[in-house]
$ cat upload_11.txt   # compact mmCIF, C-alpha atoms
# COMPACT_ATOMS: atom_id res chain seq x y z
CA MET V 14 121.65 219.44 124.63
CA ASP V 15 120.50 216.38 122.63
CA SER V 16 116.94 215.43 123.51
CA TRP V 17 117.76 211.72 123.31
CA TYR V 18 120.75 211.59 125.68
CA PHE V 19 119.10 211.67 129.12
CA PRO V 20 116.24 209.33 128.11
CA ALA V 21 118.96 206.92 126.95
CA LEU V 22 120.68 207.20 130.34
CA LEU V 23 117.37 206.59 132.10
CA ALA V 24 116.82 203.50 129.98
CA LEU V 25 120.38 202.39 130.84
CA LEU V 26 119.65 202.61 134.57
CA LEU V 27 116.18 201.07 134.63
CA MET V 28 116.92 198.25 132.20
CA GLY V 29 120.14 197.51 134.06
CA ILE V 30 118.16 196.98 137.26
CA GLN V 31 115.65 194.88 135.37
CA ARG V 32 118.43 192.70 133.94
CA PHE V 33 119.76 192.15 137.45
CA PHE V 34 116.44 190.54 138.29
CA TYR V 35 117.27 187.90 135.66
CA LYS V 36 120.10 186.93 137.96
CA VAL V 37 117.73 186.86 140.93
CA ALA V 38 115.40 184.54 139.00
CA ALA V 39 118.29 182.22 138.17
CA GLU V 40 119.70 182.22 141.72
CA ARG V 41 116.33 181.36 143.22
CA ASN V 42 115.66 178.81 140.49
CA TYR V 43 112.34 180.37 139.61
CA PRO V 44 110.51 178.79 136.64
CA THR V 45 111.62 180.84 133.66
CA GLN V 46 108.27 180.59 131.92
CA TRP V 47 106.38 182.13 134.85
CA VAL V 48 108.87 184.95 135.34
CA THR V 49 108.68 185.75 131.64
CA PHE V 50 104.89 185.53 131.54
CA ALA V 51 104.38 187.92 134.48
CA PHE V 52 107.06 190.29 133.16
CA MET V 53 105.52 190.62 129.72
CA ALA V 54 101.93 190.64 130.96
CA THR V 55 102.75 193.55 133.27
CA VAL V 56 104.27 195.61 130.45
CA THR V 57 101.30 194.75 128.22
CA LEU V 58 98.79 196.01 130.79
CA LEU V 59 100.77 199.15 131.62
CA SER V 60 101.42 200.18 128.01
CA GLY V 61 97.93 199.22 126.81
CA GLY V 62 96.25 201.08 129.65
CA THR V 63 98.41 204.16 129.13
CA TYR V 64 97.73 204.10 125.38
CA LEU V 65 93.97 204.26 125.96
CA PHE V 66 94.30 207.44 128.01
CA GLN V 67 96.59 209.38 125.68
CA GLN V 68 96.00 211.30 122.52
CA HIS V 69 97.29 209.31 119.59
CA HIS V 70 97.31 209.41 115.82
CA ALA V 71 96.06 206.70 113.50
CA VAL V 72 98.64 203.98 112.86
CA ASN V 73 99.21 201.59 109.99
CA ILE V 74 98.02 198.31 111.50
CA GLY V 75 100.00 196.18 109.06
CA VAL V 76 103.29 197.97 109.78
CA LEU V 77 102.59 197.96 113.51
CA ALA V 78 101.75 194.25 113.58
CA THR V 79 104.80 193.27 111.49
CA ILE V 80 107.28 195.23 113.58
CA ALA V 81 105.64 194.10 116.82
CA LEU V 82 105.78 190.44 115.75
CA ILE V 83 109.48 190.63 114.86
CA ASN V 84 110.28 192.46 118.07
CA SER V 85 108.16 190.15 120.20
CA ILE V 86 109.72 186.95 118.90
CA SER V 87 113.27 188.26 119.08
CA PHE V 88 112.81 189.77 122.54
CA LEU V 89 111.13 186.64 123.90
CA VAL V 90 113.98 184.45 122.65
CA ALA V 91 116.53 186.90 124.05
CA THR V 92 114.80 187.02 127.45
CA VAL V 93 114.46 183.27 127.87
CA SER V 94 117.97 182.58 126.54
CA HIS V 95 119.38 185.23 128.88
CA ILE V 96 117.80 183.72 131.98
CA GLU V 97 118.77 180.19 130.97
CA ALA V 98 122.38 181.23 130.29
CA LEU V 99 122.65 182.57 133.84
CA LYS V 100 121.87 179.09 135.16
CA TYR V 101 125.10 177.79 133.63
CA ILE V 102 127.67 180.57 133.86
CA PRO V 103 128.35 183.62 136.09
CA ALA V 104 126.46 186.86 135.44
CA ASN V 105 129.57 188.93 134.71
CA ILE V 106 130.46 186.61 131.81
CA ALA V 107 126.96 186.20 130.42
CA TYR V 108 126.06 189.88 130.46
CA SER V 109 129.37 190.86 128.88
CA ILE V 110 129.16 188.55 125.88
CA ILE V 111 125.45 189.00 125.22
CA ARG V 112 125.80 192.76 125.00
CA LEU V 113 128.35 192.47 122.21
CA ASN V 114 125.26 192.64 119.99
CA VAL V 115 125.88 196.39 120.01
CA ILE V 116 128.44 195.75 117.25
CA VAL V 117 125.78 194.18 115.02
CA VAL V 118 123.34 197.00 115.78
CA ALA V 119 125.91 199.76 115.19
CA VAL V 120 126.98 198.38 111.80
CA PHE V 121 123.36 198.00 110.69
CA SER V 122 122.33 201.47 111.81
CA ILE V 123 125.27 203.20 110.13
CA VAL V 124 124.81 201.27 106.86
CA TYR V 125 121.00 201.22 106.67
CA PHE V 126 120.00 204.48 108.36
CA LYS V 127 123.07 206.37 107.06
CA GLU V 128 123.66 207.80 110.52
CA HIS V 129 126.32 210.49 110.80
CA ILE V 130 128.19 210.77 114.08
CA SER V 131 130.98 213.09 115.19
CA LEU V 132 134.57 211.97 115.61
CA LEU V 133 134.33 211.97 119.42
CA GLN V 134 131.03 210.10 119.29
CA GLY V 135 132.64 207.55 117.01
CA ILE V 136 135.48 207.17 119.51
CA GLY V 137 132.86 206.79 122.24
CA LEU V 138 131.14 204.04 120.26
CA LEU V 139 134.44 202.22 119.76
CA THR V 140 135.20 202.66 123.46
CA ALA V 141 131.84 201.10 124.32
CA ILE V 142 132.67 198.12 122.13
CA ALA V 143 136.14 197.92 123.69
CA ALA V 144 134.54 197.89 127.14
CA MET V 145 132.45 194.88 126.22
CA VAL V 146 135.41 193.09 124.62
CA VAL V 147 137.54 193.68 127.72
CA LEU V 148 134.80 192.30 129.92
CA THR V 149 134.70 189.07 127.90
CA ILE V 150 138.33 188.43 128.90
CA GLN V 151 136.88 187.19 132.17
CA MET V 152 135.49 184.14 130.42
CA GLY V 153 138.93 182.70 129.94
CA ALA V 154 139.70 183.31 133.60
CA ASP V 155 136.59 181.54 134.83
CA ASN V 156 137.85 178.23 136.21
CA THR V 157 134.89 177.61 138.49
CA THR V 158 132.44 176.56 135.79
CA PRO V 159 132.78 173.04 134.29
CA LEU V 160 133.45 172.90 130.55
CA GLN V 161 130.17 171.12 129.83
CA ARG V 162 128.17 173.84 131.58
CA LYS V 163 130.12 176.51 129.68
CA ARG V 164 129.14 174.86 126.41
CA GLN V 165 125.51 174.64 127.42
CA GLY V 166 125.57 178.27 128.49
CA ALA V 167 127.26 179.29 125.23
CA VAL V 168 124.27 178.06 123.20
CA PHE V 169 121.92 180.31 125.14
CA ILE V 170 124.38 183.22 124.96
CA ILE V 171 124.56 183.06 121.16
CA LEU V 172 120.77 182.94 120.91
CA ALA V 173 120.47 185.92 123.27
CA LEU V 174 123.09 187.91 121.34
CA LEU V 175 121.50 187.45 117.90
CA SER V 176 117.90 187.86 119.02
CA GLY V 177 118.84 190.89 121.11
CA SER V 178 120.27 192.55 118.00
CA ALA V 179 117.01 191.95 116.13
CA ALA V 180 115.01 193.37 119.03
CA SER V 181 117.05 196.59 119.12
CA ILE V 182 116.85 197.14 115.37
CA SER V 183 113.11 196.51 115.25
CA SER V 184 112.68 198.96 118.15
CA LYS V 185 114.18 201.72 116.00
CA PHE V 186 111.65 201.04 113.26
CA ALA V 187 108.87 201.05 115.85
CA ALA V 188 110.01 204.37 117.35
CA VAL V 189 110.08 206.04 113.93
CA TYR V 190 107.10 204.48 112.13
CA THR V 191 104.53 203.55 114.80
CA ASP V 192 102.97 204.73 118.05
CA LYS V 193 105.35 203.76 120.84
CA LEU V 194 102.74 202.67 123.40
CA ALA V 195 100.67 200.79 120.82
CA PHE V 196 103.81 199.01 119.71
CA MET V 197 104.75 198.11 123.28
CA ALA V 198 101.26 196.82 124.08
CA LEU V 199 101.01 194.66 120.95
CA SER V 200 104.60 193.43 121.07
CA TYR V 201 104.39 192.39 124.70
CA LEU V 202 100.93 190.86 124.22
CA MET V 203 102.46 188.65 121.58
CA GLY V 204 105.26 187.95 124.03
CA VAL V 205 102.75 186.87 126.67
CA ILE V 206 101.20 184.41 124.23
CA GLY V 207 104.63 183.16 123.22
CA SER V 208 105.76 182.77 126.83
CA LEU V 209 102.88 180.38 127.46
CA ALA V 210 104.25 178.14 124.71
CA ILE V 211 107.80 177.79 126.06
CA ASN V 212 106.99 175.60 129.06
CA LYS V 213 108.20 172.36 127.52
CA VAL V 214 111.21 174.07 125.93
CA VAL V 215 112.72 175.40 129.15
CA THR V 216 111.78 172.63 131.59
CA HIS V 217 114.97 170.67 130.96
CA HIS V 218 115.11 170.25 134.74
CA LYS V 219 112.35 170.22 137.31
CA THR V 220 111.91 172.89 139.92
CA THR V 221 109.94 172.71 143.14
CA THR V 222 109.76 176.49 143.55
CA SER V 223 106.26 177.96 143.86
CA ARG V 224 105.10 179.95 140.88
CA TRP V 225 103.86 182.87 142.98
CA PRO V 226 107.28 184.31 143.91
CA ALA V 227 108.24 183.95 140.24
CA LEU V 228 105.11 185.83 139.17
CA GLY V 229 105.82 188.56 141.72
CA LEU V 230 109.39 188.99 140.51
CA GLY V 231 108.17 189.09 136.92
CA MET V 232 105.74 191.91 137.78
CA VAL V 233 108.56 193.94 139.35
CA MET V 234 110.68 193.37 136.25
CA GLY V 235 107.75 194.49 134.11
CA GLY V 236 107.46 197.79 135.97
CA PHE V 237 111.12 198.61 135.44
CA ASN V 238 111.00 197.51 131.82
CA PHE V 239 107.89 199.52 130.98
CA THR V 240 109.51 202.79 132.00
CA GLY V 241 112.97 201.88 130.72
CA PHE V 242 111.80 200.60 127.34
CA TYR V 243 109.58 203.62 126.77
CA ALA V 244 112.57 205.87 127.51
CA PHE V 245 114.58 203.80 125.03
CA LEU V 246 111.93 204.25 122.29
CA TYR V 247 111.65 207.96 123.10
CA ALA V 248 115.41 208.30 122.62
CA LEU V 249 115.36 206.26 119.40
CA GLU V 250 112.67 208.51 117.95
CA ARG V 251 114.99 211.49 118.37
CA GLY V 252 118.51 210.17 118.04
CA PRO V 253 120.88 207.73 116.28
CA LEU V 254 120.37 204.02 116.90
CA SER V 255 124.11 203.32 116.86
CA LEU V 256 124.87 205.63 119.81
CA ILE V 257 121.69 205.00 121.80
CA ALA V 258 122.07 201.24 121.48
CA ALA V 259 125.67 201.57 122.67
CA ILE V 260 124.60 203.50 125.77
CA VAL V 261 121.58 201.41 126.70
CA GLY V 262 123.38 198.21 125.72
CA MET V 263 125.80 198.77 128.59
CA HIS V 264 123.04 198.31 131.17
CA PHE V 265 124.62 194.95 131.99
CA VAL V 266 127.32 196.88 133.88
CA ILE V 267 124.70 197.82 136.46
CA ALA V 268 123.65 194.18 136.68
CA ILE V 269 127.29 193.13 137.15
CA ILE V 270 127.77 195.63 139.97
CA LEU V 271 124.56 194.55 141.70
CA SER V 272 125.49 190.87 141.29
CA ALA V 273 128.88 191.57 142.87
CA LEU V 274 127.35 193.49 145.79
CA ILE V 275 124.46 191.12 146.52
CA TYR V 276 125.66 187.70 145.34
CA HIS V 277 129.37 188.36 145.90
CA GLU V 278 130.35 187.42 142.35
CA LYS V 279 133.98 188.31 141.85
CA VAL V 280 134.75 191.13 139.42
CA ARG V 281 138.28 190.68 138.11
CA PRO V 282 140.63 193.49 137.02
CA ALA V 283 139.41 193.14 133.42
CA GLY V 284 135.90 193.77 134.70
CA LEU V 285 136.97 196.94 136.50
CA VAL V 286 138.71 198.20 133.36
CA GLY V 287 135.57 197.42 131.38
CA ILE V 288 133.41 199.41 133.79
CA LEU V 289 135.75 202.40 133.54
CA LEU V 290 135.69 202.19 129.74
CA THR V 291 131.90 202.10 129.90
CA ILE V 292 131.81 205.37 131.85
CA LEU V 293 134.32 206.94 129.44
CA SER V 294 132.28 205.90 126.41
CA ILE V 295 129.11 207.47 127.84
CA VAL V 296 130.99 210.74 128.37
CA LEU V 297 132.48 210.71 124.85
CA ILE V 298 129.12 209.97 123.22
CA ARG V 299 127.64 212.99 124.98
CA ILE V 300 130.33 215.36 123.65
$ encode --input "upload_11.txt" --output "structure tokens"
Amino acid sequence: MDSWYFPALLALLLMGIQRFFYKVAAERNYPTQWVTFAFMATVTLLSGGTYLFQQHHAVNIGVLATIALINSISFLVATVSHIEALKYIPANIAYSIIRLNVIVVAVFSIVYFKEHISLLQGIGLLTAIAAMVVLTIQMGADNTTPLQRKRQGAVFIILALLSGSAASISSKFAAVYTDKLAFMALSYLMGVIGSLAINKVVTHHKTTTSRWPALGLGMVMGGFNFTGFYAFLYALERGPLSLIAAIVGMHFVIAIILSALIYHEKVRPAGLVGILLTILSIVLIRI
């Protein structure tokens, strides 16, 4: 049994729950900068503290810092853009389109890393992409969101898609060439610093919500992300980026299901087909 498969599934589950909390933050109109700050600070403390108590080998500081900087910037932009997009359009649409970055990641990993996958795994990868494409059909059926808000949301979606691709690719380099916990601690520390600088960028409208609930939610998100992201890096160290990114990239399906159950967001037939294709792709990739 492949050593990367179950860690990838664990990352899928935990990061899917974490992504659902983005929706919670948007629904409760929590200040994005405080949610992001608490989220990244929590992961920084958890990964840094764990790193100090483990046996570790010497790392190339220059390589570690470069990869961490790229990952931190791309992940910070993806996180903020993701939360902001959810303030304009429904979660089932936003999650679906943003996760199409798996196409960019798959092409890069196959071309750059020369990854070889079996025929059934290739079909599974294509099925995963098909699942995401099918889910985007819902965007055309969304008549509840004004056109202007769709356009505003589209800007954040594009930013989240591109920066999310960069974050996934840089994570592969980190898993192979650096210490995973050191990378997480440094990357998220940079993210904490960056999150403090986004206040003026994201305050396009005022909110009267207290910062303390936002900080609390961010800490919960950080706990889920710490475990989920470590599982993701563990899988990347041992398996192909193209397949692992396809599995973990479908974590938005969990967020869609939770959004439907808790916030009663309607999942149309295309969404149900997309969820079924997601399950099929996970099975095919395992074969």
$ residues_near_point --input "upload_11.txt" --point "(102.1, 192.3, 118.2)" --cutoff "8 Å" --atoms "all atoms listed in the file" --output "ChimeraX atom specification"
/V:77-82,85,196,198-204
$ write_last_selection --input "upload_11.txt" --atoms "C-alpha atoms" --output "compact mmCIF listing (two decimals), in the frame of the given file"
# COMPACT_ATOMS: atom_id res chain seq x y z
CA LEU V 77 102.59 197.96 113.51
CA ALA V 78 101.75 194.25 113.58
CA THR V 79 104.80 193.27 111.49
CA ILE V 80 107.28 195.23 113.58
CA ALA V 81 105.64 194.10 116.82
CA LEU V 82 105.78 190.44 115.75
CA SER V 85 108.16 190.15 120.20
CA PHE V 196 103.81 199.01 119.71
CA ALA V 198 101.26 196.82 124.08
CA LEU V 199 101.01 194.66 120.95
CA SER V 200 104.60 193.43 121.07
CA TYR V 201 104.39 192.39 124.70
CA LEU V 202 100.93 190.86 124.22
CA MET V 203 102.46 188.65 121.58
CA GLY V 204 105.26 187.95 124.03
$ closest_residue --input "upload_11.txt" --among "V:Ile74, V:Pro103, V:Ala24, V:Leu246" --to "Lys36 (chain V)" --atoms "only C-alpha atoms"
V:Pro103
$ atom_distance --input "upload_11.txt" --atom1 "CA of Glu250 (chain V)" --atom2 "CA of Ser122 (chain V)"
13.4 Å
$ residues_around --input "upload_11.txt" --residues "Asn73 (chain V)" --least-positions-apart "3" --cutoff "10 Å" --atoms "all atoms listed in the file" --output "list in words"
His70, Val76, Leu77, Ala78, Tyr190, Thr191 and Asp192 of chain V
$ write_last_selection --input "upload_11.txt" --atoms "C-alpha atoms" --output "tab-separated table (two decimals), in the frame of the given file"
chain	number	residue	atom	x	y	z
V	70	HIS	CA	97.31	209.41	115.82
V	76	VAL	CA	103.29	197.97	109.78
V	77	LEU	CA	102.59	197.96	113.51
V	78	ALA	CA	101.75	194.25	113.58
V	190	TYR	CA	107.10	204.48	112.13
V	191	THR	CA	104.53	203.55	114.80
V	192	ASP	CA	102.97	204.73	118.05
$ atom_distance --input "upload_11.txt" --atom1 "CA of Ile171 (chain V)" --atom2 "CA of Val124 (chain V)"
23.2 Å
